[in-house]
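The next block holds one structure in the form of structure tokens; read it before the comments.
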Amino acid sequence: MMVEWIGNIAKLSLPTPYAVGDVNVYVVKGDALTLIDAGSRTEESRSSLIRQLAELRLEMNDIEQVLITHHHPDHAGGLDFFTKDINILGHLYNQRWFEMDEDFIELHDQFYKDFSREMGIPDEMLGYINDYRSADRSITNKKLTSFLAEGDDLPGLRGWKIIETPGHAQSHLSFYKESDGIMIGGDHLLAKITPNPLMEPPFKPGEERPKPLLQYNSSLEKCLELPISLVYTGHGEEIRDVPAVIQSGRIRQHERAMRVKKMIEAHPSSGFEICRQLFPKVYQRELGLTLSETVGQLDYLESLGEIAHDSSSSVMIYAINQLQR
Ligand SMILES: [Zn+2]
């Protein structure tokens, strides 16, 4: 399929080595010629990007700035293919994943170890935690040159607003053009899949851990308040009926939470025990993803007052909230 401009935006689909399949990146014409997300750090992705830019009569060097919706490798890995002095903009929280300095690696490993033990994961399964000491785990060798936060002007793209949409990633931003209601939404809203609310270490050591599913749900609320006409997504097709996609996603999520409540009703449980029941076939292979999803549902049920946790022993036990009855 030929790449074409629709208004000031061109959608490019790049291959990734990940299960999710292709990732969409966008060229946006403004005061600065902008690329939103950069794809992954593979030769296939680089040559595909060059080929598709050529269909727009552009070269890599014509891109004046890259905006990053979030730090995941399928969106930020391709930053490495740009020249040294390119402007790279995104949320401050991307930076620690790009820099991978000693302090962050320390915080990262300690956080996942403590968190996993609290959730009742047996020590012999802790190997699921990514080893960030090995060099090839790094997402990109580039760093952000400026940080973007909600309320800031978006440099080079007049009329576009920055919307912070944490949930799938703590660093997640969406970009919204008020004049025609177009959003470039990264992985916040996808047409066919609900993004996983991935657990991340808190920003500062010792801080309370994030509650990604609750954050995700409030980011959805925020989007419902905007008259969005079209979302250009990070994977797959565009979304036109935003309220319908949000609504059906939230119903599915609530139903899953109610299944978790039933499990806890039958038996007060650790996070790991719930995770095994929810994802019996994949929890061993995808412990990071399935545990994040499970803890999301537990945080959600707790926020509704349906369940409560007991942290008097080293493993946290979730039980039905007796005060609720
Ligand atoms: Zn993605």
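Chain identifiers are assigned as A, B, and so on, following the order in which chains appear in the structure tokens; residues are numbered from 1 within each chain, and ligands are numbered from 1 in order of appearance.
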**Request:** Could you give me, as a ChimeraX atom specification, the residues within 9 Å of Phe111 of chain A, counting only C-alpha atoms and dropping anything in the same chain fewer than 5 positions from it?
**Result:** /A:106,116,200-202,205-206,209
**Prompt:** What do you get as a ChimeraX atom specification if you pick all residues at most 9 Å from ligand 1, counting only C-alpha atoms and all ligand atoms?
**Reply:** /A:20,22-24,39,70,72-75,186-187,195,234-235
Would you list, as a PDB file with C-alpha atoms, in the first residue's frame, the residues of segment 62-259 of chain A that end up in alpha helix (DSSP H) under DSSP run on this structure's backbone?
```
ATOM      1  CA  PRO A  73      11.109  -0.671  22.200  1.00  0.00           C
ATOM      2  CA  ASP A  74       8.599  -0.986  19.339  1.00  0.00           C
ATOM      3  CA  HIS A  75       8.067   2.793  19.512  1.00  0.00           C
ATOM      4  CA  ALA A  76      11.417   4.200  20.617  1.00  0.00           C
ATOM      5  CA  GLN A  95      14.512   9.062  30.072  1.00  0.00           C
ATOM      6  CA  ARG A  96      15.345   6.514  32.780  1.00  0.00           C
ATOM      7  CA  TRP A  97      14.551   3.658  30.381  1.00  0.00           C
ATOM      8  CA  PHE A  98      16.855   5.182  27.763  1.00  0.00           C
ATOM      9  CA  GLU A  99      19.715   6.056  30.076  1.00  0.00           C
ATOM     10  CA  GLU A 102      23.199   2.327  37.694  1.00  0.00           C
ATOM     11  CA  ASP A 103      20.658   3.982  40.002  1.00  0.00           C
ATOM     12  CA  PHE A 104      17.775   3.025  37.767  1.00  0.00           C
ATOM     13  CA  ILE A 105      18.960  -0.540  37.216  1.00  0.00           C
ATOM     14  CA  GLU A 106      19.265  -0.892  40.987  1.00  0.00           C
ATOM     15  CA  LEU A 107      15.801   0.582  41.583  1.00  0.00           C
ATOM     16  CA  HIS A 108      14.331  -1.523  38.778  1.00  0.00           C
ATOM     17  CA  ASP A 109      15.700  -4.881  39.971  1.00  0.00           C
ATOM     18  CA  GLN A 110      14.957  -4.248  43.631  1.00  0.00           C
ATOM     19  CA  PHE A 111      11.447  -3.043  42.911  1.00  0.00           C
ATOM     20  CA  TYR A 112      10.476  -6.083  40.826  1.00  0.00           C
ATOM     21  CA  LYS A 113      12.027  -8.465  43.351  1.00  0.00           C
ATOM     22  CA  ASP A 114      10.161  -6.921  46.305  1.00  0.00           C
ATOM     23  CA  PHE A 115       6.946  -6.586  44.362  1.00  0.00           C
ATOM     24  CA  SER A 116       7.083 -10.171  43.062  1.00  0.00           C
ATOM     25  CA  ARG A 117       7.712 -11.585  46.532  1.00  0.00           C
ATOM     26  CA  GLU A 118       4.866  -9.524  47.926  1.00  0.00           C
ATOM     27  CA  PRO A 212      -1.445   1.322  36.130  1.00  0.00           C
ATOM     28  CA  LEU A 213      -4.979   0.032  35.532  1.00  0.00           C
ATOM     29  CA  LEU A 214      -6.505   2.797  37.666  1.00  0.00           C
ATOM     30  CA  GLN A 215      -4.337   5.332  35.852  1.00  0.00           C
ATOM     31  CA  TYR A 216      -5.364   3.814  32.543  1.00  0.00           C
ATOM     32  CA  ASN A 217      -9.050   4.102  33.413  1.00  0.00           C
ATOM     33  CA  SER A 218      -8.694   7.761  34.356  1.00  0.00           C
ATOM     34  CA  SER A 219      -6.775   8.422  31.136  1.00  0.00           C
ATOM     35  CA  LEU A 220      -9.778   6.898  29.312  1.00  0.00           C
ATOM     36  CA  GLU A 221     -12.127   9.238  31.208  1.00  0.00           C
ATOM     37  CA  LYS A 222      -9.969  12.145  30.112  1.00  0.00           C
ATOM     38  CA  CYS A 223     -10.318  11.086  26.464  1.00  0.00           C
ATOM     39  CA  LEU A 224     -14.097  10.757  26.818  1.00  0.00           C
ATOM     40  CA  VAL A 242     -13.978   6.495  20.581  1.00  0.00           C
ATOM     41  CA  PRO A 243     -16.782   6.243  23.194  1.00  0.00           C
ATOM     42  CA  ALA A 244     -17.808   2.812  21.832  1.00  0.00           C
ATOM     43  CA  VAL A 245     -14.258   1.442  22.008  1.00  0.00           C
ATOM     44  CA  ILE A 246     -13.768   2.817  25.521  1.00  0.00           C
ATOM     45  CA  GLN A 247     -17.134   1.517  26.671  1.00  0.00           C
ATOM     46  CA  SER A 248     -16.652  -2.037  25.438  1.00  0.00           C
ATOM     47  CA  GLY A 249     -13.110  -2.153  26.819  1.00  0.00           C
ATOM     48  CA  ARG A 250     -14.297  -1.041  30.238  1.00  0.00           C
ATOM     49  CA  ILE A 251     -17.104  -3.624  30.281  1.00  0.00           C
ATOM     50  CA  ARG A 252     -14.621  -6.414  29.466  1.00  0.00           C
ATOM     51  CA  GLN A 253     -12.270  -5.173  32.165  1.00  0.00           C
ATOM     52  CA  HIS A 254     -15.042  -4.992  34.780  1.00  0.00           C
ATOM     53  CA  GLU A 255     -16.172  -8.524  33.907  1.00  0.00           C
ATOM     54  CA  ARG A 256     -12.641  -9.820  34.331  1.00  0.00           C
ATOM     55  CA  ALA A 257     -12.441  -8.069  37.714  1.00  0.00           C
ATOM     56  CA  MET A 258     -15.678  -9.727  38.794  1.00  0.00           C
ATOM     57  CA  ARG A 259     -14.213 -13.130  37.883  1.00  0.00           C
TER      58      ARG A 259
END
```
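Remark: for Phe147 of chain A, the closest of the candidate residues A:Leu126, A:Asn87, A:Asp101, A:Asp180 is A:Asn87 (distances computed over only C-alpha atoms).
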**Asked** Do you know which residues are at most 8 Å from Lys192 of chain A counting only C-alpha atoms, after dropping those on the same chain fewer than 2 positions away, and could you put them as a ChimeraX atom specification?
**Response** /A:190,194,236
Can those selected residues be exported to a file as a PDB file, in the first residue's frame so that it contains N, CA and C atoms?
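See again_36.pdb below for the written result:
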```
ATOM      1  N   LEU A 190      -6.442   1.326  21.278  1.00  0.00           N
ATOM      2  CA  LEU A 190      -6.237   0.486  20.111  1.00  0.00           C
ATOM      3  C   LEU A 190      -7.584  -0.106  19.724  1.00  0.00           C
ATOM      4  N   THR A 194      -6.921  -4.424  24.062  1.00  0.00           N
ATOM      5  CA  THR A 194      -6.812  -3.513  25.196  1.00  0.00           C
ATOM      6  C   THR A 194      -5.370  -3.557  25.660  1.00  0.00           C
ATOM      7  N   GLY A 236      -2.422  -1.250  14.289  1.00  0.00           N
ATOM      8  CA  GLY A 236      -3.710  -1.533  13.660  1.00  0.00           C
ATOM      9  C   GLY A 236      -4.405  -0.287  13.122  1.00  0.00           C
TER      10      GLY A 236
END
```
**Request:** Quick one: everything within 10 Å of Leu291 of chain A, counting only C-alpha atoms, minus sequence neighbours fewer than 5 positions away in the same chain. Send it as a PyMOL selection string.
**Result:** chain A and resi 116+119+121+197-199+271-272+274-276+278-279+283+286+296-297
Please identify which residues in segment 120-303 of chain A DSSP calls strand (DSSP E) from the backbone, and express them as a compact mmCIF listing (two decimals) with all heavy atoms, in the first residue's frame.
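Saved the output as states-v2.txt:
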```txt
# COMPACT_ATOMS: atom_id res chain seq x y z
N SER A 146 14.28 17.28 24.94
CA SER A 146 13.37 18.10 25.76
C SER A 146 12.25 17.23 26.26
O SER A 146 11.90 16.23 25.64
CB SER A 146 12.73 19.25 24.99
OG SER A 146 13.53 19.74 23.98
N PHE A 147 11.68 17.66 27.35
CA PHE A 147 10.58 16.92 27.96
C PHE A 147 9.26 17.60 27.67
O PHE A 147 9.18 18.82 27.60
CB PHE A 147 10.79 16.83 29.48
CG PHE A 147 12.10 16.22 29.85
CD1 PHE A 147 12.95 16.86 30.75
CD2 PHE A 147 12.50 15.01 29.30
CE1 PHE A 147 14.17 16.30 31.08
CE2 PHE A 147 13.72 14.44 29.63
CZ PHE A 147 14.57 15.09 30.53
N TRP A 160 -1.52 21.66 18.23
CA TRP A 160 -1.57 20.33 18.84
C TRP A 160 -1.37 20.46 20.35
O TRP A 160 -0.56 21.27 20.80
CB TRP A 160 -0.48 19.42 18.26
CG TRP A 160 -0.72 18.96 16.86
CD1 TRP A 160 -0.51 19.68 15.71
CD2 TRP A 160 -1.22 17.68 16.46
NE1 TRP A 160 -0.84 18.93 14.62
CE2 TRP A 160 -1.28 17.69 15.04
CE3 TRP A 160 -1.61 16.52 17.13
CZ2 TRP A 160 -1.72 16.59 14.31
CZ3 TRP A 160 -2.05 15.43 16.41
CH2 TRP A 160 -2.10 15.46 15.00
N LYS A 161 -2.10 19.63 21.09
CA LYS A 161 -1.98 19.64 22.55
C LYS A 161 -1.37 18.32 23.02
O LYS A 161 -1.52 17.28 22.38
CB LYS A 161 -3.36 19.76 23.21
CG LYS A 161 -4.10 21.03 22.88
CD LYS A 161 -4.23 21.88 24.14
CE LYS A 161 -4.78 23.26 23.85
NZ LYS A 161 -3.87 24.35 23.99
N ILE A 162 -0.71 18.42 24.16
CA ILE A 162 -0.13 17.22 24.78
C ILE A 162 -1.12 16.72 25.83
O ILE A 162 -1.51 17.47 26.71
CB ILE A 162 1.20 17.57 25.47
CG1 ILE A 162 2.18 18.17 24.45
CG2 ILE A 162 1.78 16.35 26.17
CD1 ILE A 162 3.29 18.97 25.09
N ILE A 163 -1.52 15.46 25.71
CA ILE A 163 -2.42 14.87 26.72
C ILE A 163 -1.65 13.74 27.41
O ILE A 163 -1.23 12.78 26.74
CB ILE A 163 -3.70 14.28 26.07
CG1 ILE A 163 -4.30 15.24 25.03
CG2 ILE A 163 -4.71 13.89 27.14
CD1 ILE A 163 -5.07 16.39 25.57
N GLU A 164 -1.46 13.85 28.69
CA GLU A 164 -0.79 12.76 29.41
C GLU A 164 -1.79 11.62 29.58
O GLU A 164 -2.88 11.82 30.10
CB GLU A 164 -0.30 13.25 30.78
CG GLU A 164 0.84 14.25 30.65
CD GLU A 164 1.47 14.64 31.99
OE1 GLU A 164 1.03 14.12 33.04
OE2 GLU A 164 2.40 15.47 31.96
N LEU A 173 2.17 9.55 26.40
CA LEU A 173 1.54 10.80 25.97
C LEU A 173 0.72 10.54 24.72
O LEU A 173 1.06 9.68 23.91
CB LEU A 173 2.61 11.84 25.59
CG LEU A 173 3.57 12.33 26.66
CD1 LEU A 173 4.56 13.32 26.03
CD2 LEU A 173 2.83 12.99 27.82
N SER A 174 -0.36 11.31 24.57
CA SER A 174 -1.09 11.34 23.31
C SER A 174 -1.07 12.76 22.81
O SER A 174 -0.91 13.70 23.59
CB SER A 174 -2.53 10.87 23.52
OG SER A 174 -2.54 9.55 24.04
N PHE A 175 -1.20 12.92 21.50
CA PHE A 175 -1.14 14.26 20.89
C PHE A 175 -2.47 14.54 20.22
O PHE A 175 -2.98 13.72 19.46
CB PHE A 175 0.04 14.32 19.92
CG PHE A 175 1.34 13.97 20.59
CD1 PHE A 175 1.95 12.74 20.36
CD2 PHE A 175 1.92 14.83 21.51
CE1 PHE A 175 3.14 12.38 21.01
CE2 PHE A 175 3.11 14.49 22.17
CZ PHE A 175 3.71 13.26 21.92
N TYR A 176 -3.02 15.72 20.50
CA TYR A 176 -4.40 16.00 20.12
C TYR A 176 -4.49 17.35 19.42
O TYR A 176 -3.99 18.36 19.93
CB TYR A 176 -5.27 16.00 21.38
CG TYR A 176 -6.71 16.39 21.14
CD1 TYR A 176 -7.55 15.59 20.37
CD2 TYR A 176 -7.24 17.55 21.70
CE1 TYR A 176 -8.88 15.94 20.16
CE2 TYR A 176 -8.57 17.91 21.50
CZ TYR A 176 -9.38 17.10 20.73
OH TYR A 176 -10.69 17.45 20.52
N LYS A 177 -5.12 17.34 18.23
CA LYS A 177 -5.26 18.58 17.47
C LYS A 177 -6.68 19.10 17.65
O LYS A 177 -7.64 18.48 17.20
CB LYS A 177 -4.96 18.30 16.00
CG LYS A 177 -4.80 19.55 15.18
CD LYS A 177 -3.96 19.22 13.94
CE LYS A 177 -4.43 19.98 12.73
NZ LYS A 177 -5.05 19.11 11.70
N ILE A 182 -8.39 15.41 15.89
CA ILE A 182 -7.57 14.23 15.59
C ILE A 182 -6.58 13.96 16.72
O ILE A 182 -5.95 14.88 17.24
CB ILE A 182 -6.83 14.43 14.25
CG1 ILE A 182 -7.83 14.26 13.10
CG2 ILE A 182 -5.66 13.44 14.10
CD1 ILE A 182 -7.25 14.46 11.74
N MET A 183 -6.49 12.70 17.11
CA MET A 183 -5.53 12.31 18.15
C MET A 183 -4.56 11.30 17.58
O MET A 183 -4.96 10.38 16.86
CB MET A 183 -6.27 11.73 19.35
CG MET A 183 -5.34 11.25 20.47
SD MET A 183 -6.25 10.66 21.92
CE MET A 183 -6.27 12.15 22.92
N ILE A 184 -3.28 11.47 17.91
CA ILE A 184 -2.30 10.42 17.65
C ILE A 184 -2.02 9.81 19.02
O ILE A 184 -1.47 10.47 19.89
CB ILE A 184 -1.05 10.97 16.95
CG1 ILE A 184 -1.46 11.52 15.57
CG2 ILE A 184 0.03 9.89 16.83
CD1 ILE A 184 -0.34 12.02 14.70
N LEU A 230 -11.10 11.22 15.47
CA LEU A 230 -10.34 10.11 14.88
C LEU A 230 -9.09 9.88 15.71
O LEU A 230 -8.40 10.85 16.06
CB LEU A 230 -9.94 10.49 13.45
CG LEU A 230 -9.14 9.47 12.64
CD1 LEU A 230 -10.03 8.31 12.24
CD2 LEU A 230 -8.55 10.12 11.39
N VAL A 231 -8.80 8.61 16.03
CA VAL A 231 -7.53 8.30 16.70
C VAL A 231 -6.65 7.52 15.75
O VAL A 231 -7.05 6.47 15.24
CB VAL A 231 -7.74 7.46 17.99
CG1 VAL A 231 -6.40 7.16 18.65
CG2 VAL A 231 -8.65 8.17 18.97
N TYR A 232 -5.46 8.05 15.49
CA TYR A 232 -4.43 7.29 14.80
C TYR A 232 -3.69 6.47 15.86
O TYR A 232 -3.12 7.06 16.79
CB TYR A 232 -3.45 8.23 14.09
CG TYR A 232 -4.00 8.82 12.81
CD1 TYR A 232 -4.31 10.18 12.72
CD2 TYR A 232 -4.18 8.03 11.69
CE1 TYR A 232 -4.79 10.73 11.54
CE2 TYR A 232 -4.65 8.57 10.50
CZ TYR A 232 -4.95 9.92 10.43
OH TYR A 232 -5.42 10.45 9.26
```
